[in-house]
>>> print(open('coords-v7.txt').read())   # compact mmCIF, C-alpha atoms
# COMPACT_ATOMS: atom_id res chain seq x y z
CA MET A 1 -104.89 -0.18 -16.21
CA GLY A 2 -106.37 -3.27 -17.77
CA TYR A 3 -109.95 -4.45 -17.80
CA ALA A 4 -112.32 -3.15 -15.17
CA THR A 5 -115.39 -4.99 -16.27
CA ARG A 6 -116.90 -7.66 -18.48
CA ARG A 7 -118.95 -5.78 -21.04
CA TYR A 8 -122.01 -7.07 -22.88
CA PHE A 9 -123.63 -5.57 -25.94
CA ASP A 10 -127.03 -5.62 -24.16
CA ASP A 11 -125.85 -2.87 -21.78
CA VAL A 12 -124.53 -0.42 -24.40
CA LYS A 13 -126.51 2.61 -25.56
CA VAL A 14 -125.88 5.21 -28.25
CA GLY A 15 -124.33 8.23 -26.53
CA ASP A 16 -122.44 6.19 -23.93
CA GLU A 17 -119.02 7.65 -23.16
CA LEU A 18 -115.99 5.35 -23.17
CA ASN A 19 -113.76 5.64 -20.10
CA PRO A 20 -111.21 8.27 -21.09
CA VAL A 21 -107.46 7.60 -20.87
CA GLU A 22 -105.23 10.50 -19.82
CA LYS A 23 -101.46 10.76 -20.35
CA GLY A 24 -99.23 13.55 -19.22
CA PRO A 25 -97.99 16.11 -18.80
CA MET A 26 -95.79 14.83 -21.63
CA SER A 27 -92.26 15.94 -20.80
CA PRO A 28 -89.42 15.86 -23.33
CA ALA A 29 -88.30 12.66 -21.54
CA HIS A 30 -91.63 10.98 -22.25
CA ILE A 31 -91.48 12.03 -25.90
CA VAL A 32 -87.92 10.83 -26.47
CA ARG A 33 -88.67 7.57 -24.67
CA TRP A 34 -91.15 6.82 -27.46
CA SER A 35 -88.68 7.85 -30.16
CA ALA A 36 -86.08 5.51 -28.66
CA SER A 37 -88.52 2.64 -28.26
CA SER A 38 -89.74 2.92 -31.83
CA GLU A 39 -86.29 3.82 -33.25
CA ASN A 40 -87.70 6.96 -34.82
CA TRP A 41 -84.92 9.56 -35.01
CA HIS A 42 -86.94 12.36 -36.62
CA ARG A 43 -85.41 15.41 -34.94
CA ILE A 44 -88.72 17.28 -34.48
CA HIS A 45 -89.36 15.00 -31.49
CA TYR A 46 -86.22 15.67 -29.42
CA ASP A 47 -83.97 18.36 -30.97
CA TYR A 48 -85.42 21.63 -29.68
CA PRO A 49 -83.28 24.07 -31.76
CA PHE A 50 -84.03 22.03 -34.87
CA THR A 51 -87.79 21.69 -34.42
CA THR A 52 -88.34 25.35 -33.49
CA GLY A 53 -85.60 26.94 -35.62
CA HIS A 54 -85.25 24.84 -38.75
CA ASP A 55 -88.80 23.44 -38.96
CA LYS A 56 -90.57 26.41 -37.25
CA ASN A 57 -92.63 24.10 -35.02
CA PRO A 58 -93.95 25.45 -31.67
CA GLY A 59 -91.95 22.84 -29.74
CA LEU A 60 -91.08 19.16 -29.53
CA LEU A 61 -93.86 17.33 -31.33
CA ILE A 62 -95.57 14.43 -29.57
CA ASN A 63 -95.45 11.60 -32.12
CA GLY A 64 -98.64 10.72 -33.95
CA SER A 65 -97.42 7.14 -33.84
CA TRP A 66 -97.51 7.38 -30.02
CA LYS A 67 -100.95 8.97 -29.89
CA GLN A 68 -102.56 6.08 -31.76
CA HIS A 69 -101.64 3.73 -28.91
CA VAL A 70 -103.50 5.90 -26.41
CA LEU A 71 -106.62 5.52 -28.55
CA ALA A 72 -106.02 1.78 -28.81
CA GLN A 73 -105.60 1.46 -25.03
CA MET A 74 -108.87 3.30 -24.37
CA LEU A 75 -110.80 1.20 -26.89
CA ASP A 76 -109.30 -2.10 -25.75
CA GLU A 77 -109.96 -1.41 -22.06
CA TRP A 78 -113.57 -0.49 -22.80
CA ALA A 79 -114.10 -3.56 -25.00
CA GLY A 80 -112.85 -5.82 -22.21
CA LEU A 81 -111.32 -9.25 -22.51
CA GLU A 82 -114.41 -10.75 -24.15
CA GLY A 83 -114.73 -7.93 -26.69
CA TRP A 84 -112.61 -7.13 -29.72
CA VAL A 85 -111.53 -3.82 -31.21
CA ALA A 86 -111.98 -4.62 -34.91
CA ASN A 87 -111.23 -1.28 -36.54
CA ILE A 88 -109.50 1.96 -35.56
CA ALA A 89 -109.36 5.01 -37.86
CA PHE A 90 -107.89 8.44 -37.14
CA GLN A 91 -106.38 11.54 -38.69
CA TYR A 92 -103.63 13.74 -37.32
CA ARG A 93 -105.08 17.24 -37.67
CA ALA A 94 -103.17 19.29 -35.08
CA MET A 95 -99.81 19.26 -33.36
CA ASN A 96 -99.29 18.46 -29.70
CA ILE A 97 -96.09 19.53 -27.95
CA GLU A 98 -94.14 19.02 -24.73
CA TRP A 99 -95.87 19.47 -21.36
CA GLU A 100 -99.34 18.98 -22.81
CA THR A 101 -101.64 16.47 -21.13
CA LEU A 102 -103.58 14.40 -23.66
CA THR A 103 -106.88 12.64 -23.09
CA ALA A 104 -108.28 10.01 -25.43
CA TRP A 105 -112.08 9.99 -25.46
CA GLY A 106 -114.81 8.07 -27.23
CA ARG A 107 -118.57 8.05 -27.60
CA VAL A 108 -120.92 5.38 -28.94
CA THR A 109 -122.59 6.56 -32.17
CA LYS A 110 -124.30 3.44 -33.51
CA ILE A 111 -125.12 -0.07 -32.30
CA TYR A 112 -126.43 -3.08 -34.19
CA GLU A 113 -126.29 -6.86 -34.24
CA LYS A 114 -124.70 -8.98 -36.89
CA ASN A 115 -124.45 -12.78 -36.95
CA GLY A 116 -125.24 -13.00 -33.25
CA LEU A 117 -122.63 -10.46 -32.16
CA GLY A 118 -122.96 -6.84 -31.10
CA VAL A 119 -121.33 -4.15 -33.22
CA VAL A 120 -120.55 -0.83 -31.54
CA GLU A 121 -119.42 2.13 -33.62
CA CYS A 122 -117.74 5.02 -31.82
CA GLU A 123 -116.39 8.45 -32.56
CA THR A 124 -113.05 9.07 -30.91
CA GLY A 125 -110.57 11.85 -30.36
CA ILE A 126 -107.61 13.14 -28.41
CA ARG A 127 -108.03 16.43 -26.55
CA ASN A 128 -105.23 18.38 -24.88
CA ASN A 129 -105.41 20.32 -21.60
CA ASN A 130 -106.42 23.47 -23.54
CA GLY A 131 -109.35 21.71 -25.20
CA LEU A 132 -107.63 21.36 -28.60
CA GLU A 133 -108.81 18.30 -30.54
CA SER A 134 -105.90 16.88 -32.55
CA THR A 135 -106.88 13.39 -33.66
CA PRO A 136 -110.46 12.88 -34.83
CA GLY A 137 -111.32 9.28 -35.54
CA SER A 138 -113.69 6.37 -35.25
CA ALA A 139 -113.66 2.77 -34.13
CA VAL A 140 -115.65 -0.45 -34.38
CA ILE A 141 -115.85 -2.71 -31.33
CA ILE A 142 -117.38 -6.20 -31.31
CA LEU A 143 -119.06 -7.30 -28.08
CA PRO A 144 -120.76 -10.54 -27.06
CA LYS A 145 -124.41 -10.56 -26.10
CA ARG A 146 -125.31 -11.75 -22.61
CA ASN A 147 -125.96 -15.50 -23.00
CA GLY A 148 -124.76 -15.18 -26.61
CA LYS A 149 -121.80 -16.71 -28.42
CA ALA A 150 -118.25 -15.61 -27.74
CA VAL A 151 -116.49 -13.18 -30.05
CA PRO A 152 -114.22 -15.49 -32.07
CA TYR A 153 -110.47 -15.23 -31.60
CA PRO A 154 -108.55 -14.77 -33.81
CA PHE A 155 -111.22 -12.44 -35.12
CA LYS A 156 -112.01 -13.02 -38.80
CA SER A 157 -114.61 -10.58 -39.97
CA LEU A 158 -118.26 -9.96 -39.29
CA GLU A 159 -119.17 -11.60 -42.57
CA SER A 160 -117.94 -15.02 -41.47
CA MET B 1 -103.50 29.31 -63.71
CA THR B 2 -106.27 29.39 -66.27
CA SER B 3 -105.44 26.42 -68.44
CA ALA B 4 -107.80 23.45 -68.31
CA HIS B 5 -106.85 20.88 -65.71
CA LYS B 6 -105.49 17.66 -67.17
CA SER B 7 -106.28 14.65 -65.01
CA PHE B 8 -103.36 12.55 -63.81
CA LEU B 9 -105.73 9.60 -63.55
CA THR B 10 -104.71 7.91 -66.79
CA GLY B 11 -105.20 4.26 -67.65
CA GLU B 12 -101.60 3.71 -66.64
CA VAL B 13 -102.30 5.15 -63.16
CA LYS B 14 -105.60 3.28 -62.73
CA ALA B 15 -103.78 0.05 -63.56
CA LEU B 16 -101.71 0.54 -60.39
CA ILE B 17 -104.78 0.00 -58.18
CA GLY B 18 -104.44 -3.50 -56.76
CA VAL B 19 -100.75 -3.77 -57.62
CA GLU B 20 -98.96 -5.36 -54.67
CA THR B 21 -95.51 -6.35 -53.53
CA GLU B 22 -94.29 -9.82 -52.70
CA TRP B 23 -94.23 -10.78 -49.02
CA SER B 24 -91.34 -9.12 -47.23
CA ALA B 25 -88.75 -11.08 -45.31
CA TYR B 26 -89.84 -11.88 -41.77
CA SER B 27 -88.95 -9.47 -38.98
CA GLU B 28 -86.74 -10.57 -36.12
CA PRO B 29 -88.70 -12.47 -33.47
CA ILE B 30 -90.40 -9.99 -31.13
CA SER B 31 -88.33 -9.89 -27.94
CA PRO B 32 -89.87 -9.47 -24.47
CA SER B 33 -87.42 -6.63 -23.81
CA GLU B 34 -88.57 -4.75 -26.92
CA THR B 35 -92.19 -5.16 -25.84
CA ARG B 36 -91.34 -3.98 -22.32
CA ARG B 37 -89.69 -0.79 -23.60
CA PHE B 38 -92.61 -0.19 -25.94
CA VAL B 39 -95.14 -0.63 -23.14
CA HIS B 40 -93.14 1.68 -20.86
CA ALA B 41 -93.18 4.32 -23.59
CA ILE B 42 -96.94 4.13 -24.19
CA MET B 43 -97.55 3.96 -20.41
CA ASP B 44 -100.06 1.12 -20.58
CA ASP B 45 -99.47 -1.30 -17.72
CA ASN B 46 -102.04 -3.89 -18.78
CA ARG B 47 -101.03 -7.21 -17.14
CA LEU B 48 -101.62 -8.99 -20.46
CA TYR B 49 -98.28 -7.58 -21.61
CA TYR B 50 -96.16 -9.20 -18.88
CA ASP B 51 -98.06 -11.39 -16.38
CA GLU B 52 -97.85 -14.91 -17.80
CA ALA B 53 -100.08 -16.54 -15.17
CA TYR B 54 -102.81 -13.95 -15.74
CA ALA B 55 -102.50 -14.12 -19.54
CA ARG B 56 -102.76 -17.94 -19.50
CA GLY B 57 -106.27 -17.63 -18.13
CA THR B 58 -107.42 -15.47 -21.05
CA LYS B 59 -108.29 -16.27 -24.66
CA TYR B 60 -104.72 -15.30 -25.60
CA LYS B 61 -103.19 -18.14 -23.49
CA ASP B 62 -99.94 -16.18 -23.19
CA VAL B 63 -98.67 -12.61 -22.87
CA VAL B 64 -99.40 -10.42 -25.88
CA CYS B 65 -98.24 -7.17 -27.46
CA PRO B 66 -100.42 -4.01 -27.49
CA PRO B 67 -103.12 -3.88 -30.21
CA LEU B 68 -101.25 -1.76 -32.77
CA TYR B 69 -97.83 -3.36 -32.32
CA ALA B 70 -97.48 -4.90 -35.79
CA SER B 71 -96.11 -1.88 -37.63
CA PHE B 72 -93.34 -1.46 -35.03
CA THR B 73 -91.76 -4.88 -35.51
CA PHE B 74 -89.39 -3.86 -38.29
CA ARG B 75 -85.96 -2.70 -37.17
CA ARG B 76 -82.78 -1.93 -39.09
CA ALA B 77 -80.79 -5.14 -39.51
CA HIS B 78 -77.24 -5.68 -38.30
CA GLY B 79 -74.59 -4.83 -40.86
CA THR B 80 -76.69 -2.40 -42.90
CA PRO B 81 -75.59 1.16 -43.75
CA ASP B 82 -76.31 3.68 -40.96
CA PRO B 83 -78.85 6.23 -42.26
CA LEU B 84 -77.67 8.74 -39.62
CA ASP B 85 -74.30 8.95 -41.44
CA ARG B 86 -76.03 11.52 -43.64
CA LEU B 87 -75.86 13.98 -40.71
CA LYS B 88 -72.04 14.01 -41.06
CA THR B 89 -72.40 16.13 -44.18
CA ASP B 90 -75.98 17.41 -43.98
CA ARG B 91 -76.74 18.95 -40.60
CA ASP B 92 -80.06 20.34 -41.86
CA TRP B 93 -81.45 16.87 -42.49
CA ASP B 94 -84.43 16.17 -40.22
CA ALA B 95 -83.44 12.49 -39.85
CA TYR B 96 -86.94 11.45 -40.90
CA GLY B 97 -86.73 7.76 -41.69
CA GLY B 98 -83.39 7.58 -39.93
CA GLY B 99 -84.43 4.40 -38.15
CA GLY B 100 -83.75 2.84 -41.49
CA ALA B 101 -86.00 -0.21 -41.21
CA GLY B 102 -86.51 -1.29 -44.80
CA ARG B 103 -90.12 -1.21 -45.94
CA GLN B 104 -91.32 -2.44 -49.27
CA THR B 105 -91.94 0.06 -52.00
CA LEU B 106 -94.59 0.08 -54.69
CA PRO B 107 -94.08 1.56 -58.15
CA ARG B 108 -94.36 5.35 -57.95
CA VAL B 109 -97.71 6.90 -58.91
CA PRO B 110 -96.91 9.43 -61.67
CA HIS B 111 -99.22 12.16 -60.35
CA GLY B 112 -96.80 15.06 -60.72
CA PHE B 113 -97.58 16.61 -57.32
CA GLU B 114 -94.81 17.42 -54.84
CA ARG B 115 -96.43 18.22 -51.48
CA MET B 116 -97.64 15.26 -49.42
CA VAL B 117 -100.00 15.42 -46.44
CA ASN B 118 -100.88 12.48 -44.20
CA GLY B 119 -104.58 11.91 -44.80
CA GLY B 120 -105.10 9.44 -41.99
CA SER B 121 -104.88 5.81 -41.04
CA GLU B 122 -107.34 2.97 -40.66
CA ILE B 123 -106.47 -0.41 -39.18
CA ASP B 124 -108.46 -3.65 -39.17
CA LEU B 125 -107.39 -5.91 -36.30
CA TYR B 126 -107.65 -9.71 -36.26
CA LYS B 127 -105.11 -11.10 -33.80
CA ARG B 128 -102.58 -10.02 -31.15
CA LEU B 129 -98.89 -10.47 -31.73
CA GLN B 130 -96.87 -12.18 -29.02
CA PRO B 131 -93.19 -12.17 -28.05
CA GLY B 132 -91.34 -14.75 -30.12
CA LYS B 133 -93.51 -14.23 -33.19
CA ARG B 134 -92.12 -12.90 -36.44
CA VAL B 135 -94.05 -10.68 -38.84
CA ARG B 136 -93.96 -10.09 -42.56
CA THR B 137 -95.78 -7.59 -44.73
CA LYS B 138 -97.28 -7.16 -48.15
CA VAL B 139 -98.21 -3.72 -49.48
CA ARG B 140 -100.67 -2.81 -52.25
CA TYR B 141 -102.38 0.19 -53.77
CA HIS B 142 -105.89 0.01 -52.35
CA ASP B 143 -107.18 3.02 -54.26
CA ILE B 144 -105.97 6.02 -56.26
CA ARG B 145 -108.40 8.90 -56.73
CA GLU B 146 -108.43 12.49 -57.83
CA ARG B 147 -110.23 15.19 -55.90
CA MET B 148 -110.61 18.90 -56.51
CA GLY B 149 -109.52 20.84 -53.42
CA LYS B 150 -109.69 24.57 -52.64
CA THR B 151 -106.23 25.08 -54.11
CA GLY B 152 -106.64 22.81 -57.12
CA PRO B 153 -106.52 19.12 -57.93
CA MET B 154 -105.23 16.59 -55.44
CA ALA B 155 -104.20 12.96 -55.72
CA ILE B 156 -105.53 10.65 -53.01
CA VAL B 157 -103.38 7.54 -52.74
CA ILE B 158 -104.43 4.79 -50.32
CA THR B 159 -101.93 2.03 -49.63
CA GLU B 160 -102.89 -1.10 -47.75
CA THR B 161 -100.46 -3.22 -45.75
CA ASP B 162 -101.12 -6.77 -44.57
CA PHE B 163 -99.24 -7.93 -41.47
CA GLN B 164 -98.96 -11.71 -41.19
CA ASP B 165 -97.44 -13.66 -38.32
CA ASP B 166 -95.44 -16.85 -38.70
CA ASP B 167 -98.55 -18.95 -37.94
CA GLY B 168 -99.80 -17.70 -41.32
CA ASP B 169 -102.52 -15.53 -39.75
CA ILE B 170 -103.20 -11.96 -40.86
CA VAL B 171 -102.90 -10.00 -37.60
CA ALA B 172 -103.73 -6.57 -39.01
CA ARG B 173 -104.50 -4.77 -42.24
CA ALA B 174 -103.68 -1.06 -42.31
CA ARG B 175 -104.75 1.54 -44.84
CA GLN B 176 -102.79 4.77 -45.07
CA THR B 177 -104.10 7.74 -47.02
CA ALA B 178 -101.60 10.14 -48.56
CA ILE B 179 -102.83 13.36 -50.15
CA PHE B 180 -100.59 14.90 -52.81
CA ARG B 181 -101.08 18.41 -54.22
>>> encode(input="coords-v7.txt", output="structure tokens")
Amino acid sequence: MGYATRRYFDDVKVGDELNPVEKGPMSPAHIVRWSASSENWHRIHYDYPFTTGHDKNPGLLINGSWKQHVLAQMLDEWAGLEGWVANIAFQYRAMNIEWETLTAWGRVTKIYEKNGLGVVECETGIRNNNGLESTPGSAVIILPKRNGKAVPYPFKSLES
Amino acid sequence: MTSAHKSFLTGEVKALIGVETEWSAYSEPISPSETRRFVHAIMDDNRLYYDEAYARGTKYKDVVCPPLYASFTFRRAHGTPDPLDRLKTDRDWDAYGGGGAGRQTLPRVPHGFERMVNGGSEIDLYKRLQPGKRVRTKVRYHDIRERMGKTGPMAIVITETDFQDDDGDIVARARQTAIFR
């Protein structure tokens, strides 16, 4: 997608929803494409007899390492080119398998200013097409204020 | 089990907090083709990843890799033993780690637990990687704690990895929590 808008801290409110990012349905081809790209040969992601028989999984597991990039895409697109995603945290709590459609979502939980920049804290997650939440997490996004200074790049830390 | 629980958190274990490795060797330079395959797989067609003219007009001045790219820059080197050879004699092996990219190892924490659960990840981001850049890492024990869970004591081990590009900038710092019980 890319960046739809230039976002300023002044326009953000607690409770705002981030634009969700949806991927899927995730076929076996989509799952193995990630395994090949990341050179991850763990058989639970592409070997159906192994994952269901040997490891007793419900199907081909969608990689956690793939899911984190869906969160990152959502956060980065919302932050926009002038913003910066400074921190991403998540836990893998539930499995997702082939043919599920996954949606990354986020919601603003706290906003404050520090050293002339806007700090936006969010709760985040990944929900499948049955409503199962698999990846609870949080994020910190730095935004410029309208008529304020630019978010430095490379980003150092809010203390500097 | 009724015997009193003996903490694994001895002085020897506490002394491991802050212990870190040397810097690793640098990765291969990130290739545009590797980035393209990666971007195809995560299905994120942001022009910043391929449109040089567009990227030049941004603060990045050139095409960049996706935000969490750093930990995917390490690949198995030419001429190294093939980890998948193990499947010749062990067909029950799950091939976990079969990509074989060498990561640095810290001294083992002598906690005595056998089951490990992924307790989550947290990543601080400072800079985007770009094709052509090389990356190196340094790993440390950020924290080692003990917690009493429903089924008994657990060891919480948090490792922290710095990713540095060949400009000398830290691009990301990742903390991984492993729970042992």
>>> closest_residue(input="coords-v7.txt", among="A:Glu22, A:Glu133, A:Glu39, A:Asp16", to="chain B", atoms="all atoms listed in the file")
A:Glu39
>>> residues_around(input="coords-v7.txt", residues="A:Leu117", least_positions_apart="5", cutoff="8 Å", atoms="all atoms listed in the file", output="list in words")
Phe9, Ile142, Leu143, Pro144, Lys145, Gly148, Lys149 and Val151 of chain A
>>> interface_residues(input="coords-v7.txt", of="chain B", to="chain A", cutoff="7 Å", atoms="only C-alpha atoms", output="number ranges by chain")
B: 37-38, 41-42, 44-47, 67-68, 72, 94-99, 119-127
>>> residues_around(input="coords-v7.txt", residues="A:Thr52", least_positions_apart="6", cutoff="12 Å", atoms="only C-alpha atoms", output="number ranges by chain")
A: 43-46, 58-61, 97
>>> residues_around(input="coords-v7.txt", residues="B:Lys14", least_positions_apart="5", cutoff="12 Å", atoms="only C-alpha atoms", output="ChimeraX atom specification")
/B:7-9,19,109-111,141-146,157
>>> atom_distance(input="coords-v7.txt", atom1="atom CA of B:Gly168", atom2="atom CA of B:Thr137")
11.4 Å
>>> atom_distance(input="coords-v7.txt", atom1="atom CA of B:Arg147", atom2="atom CA of B:Met116")
14.2 Å
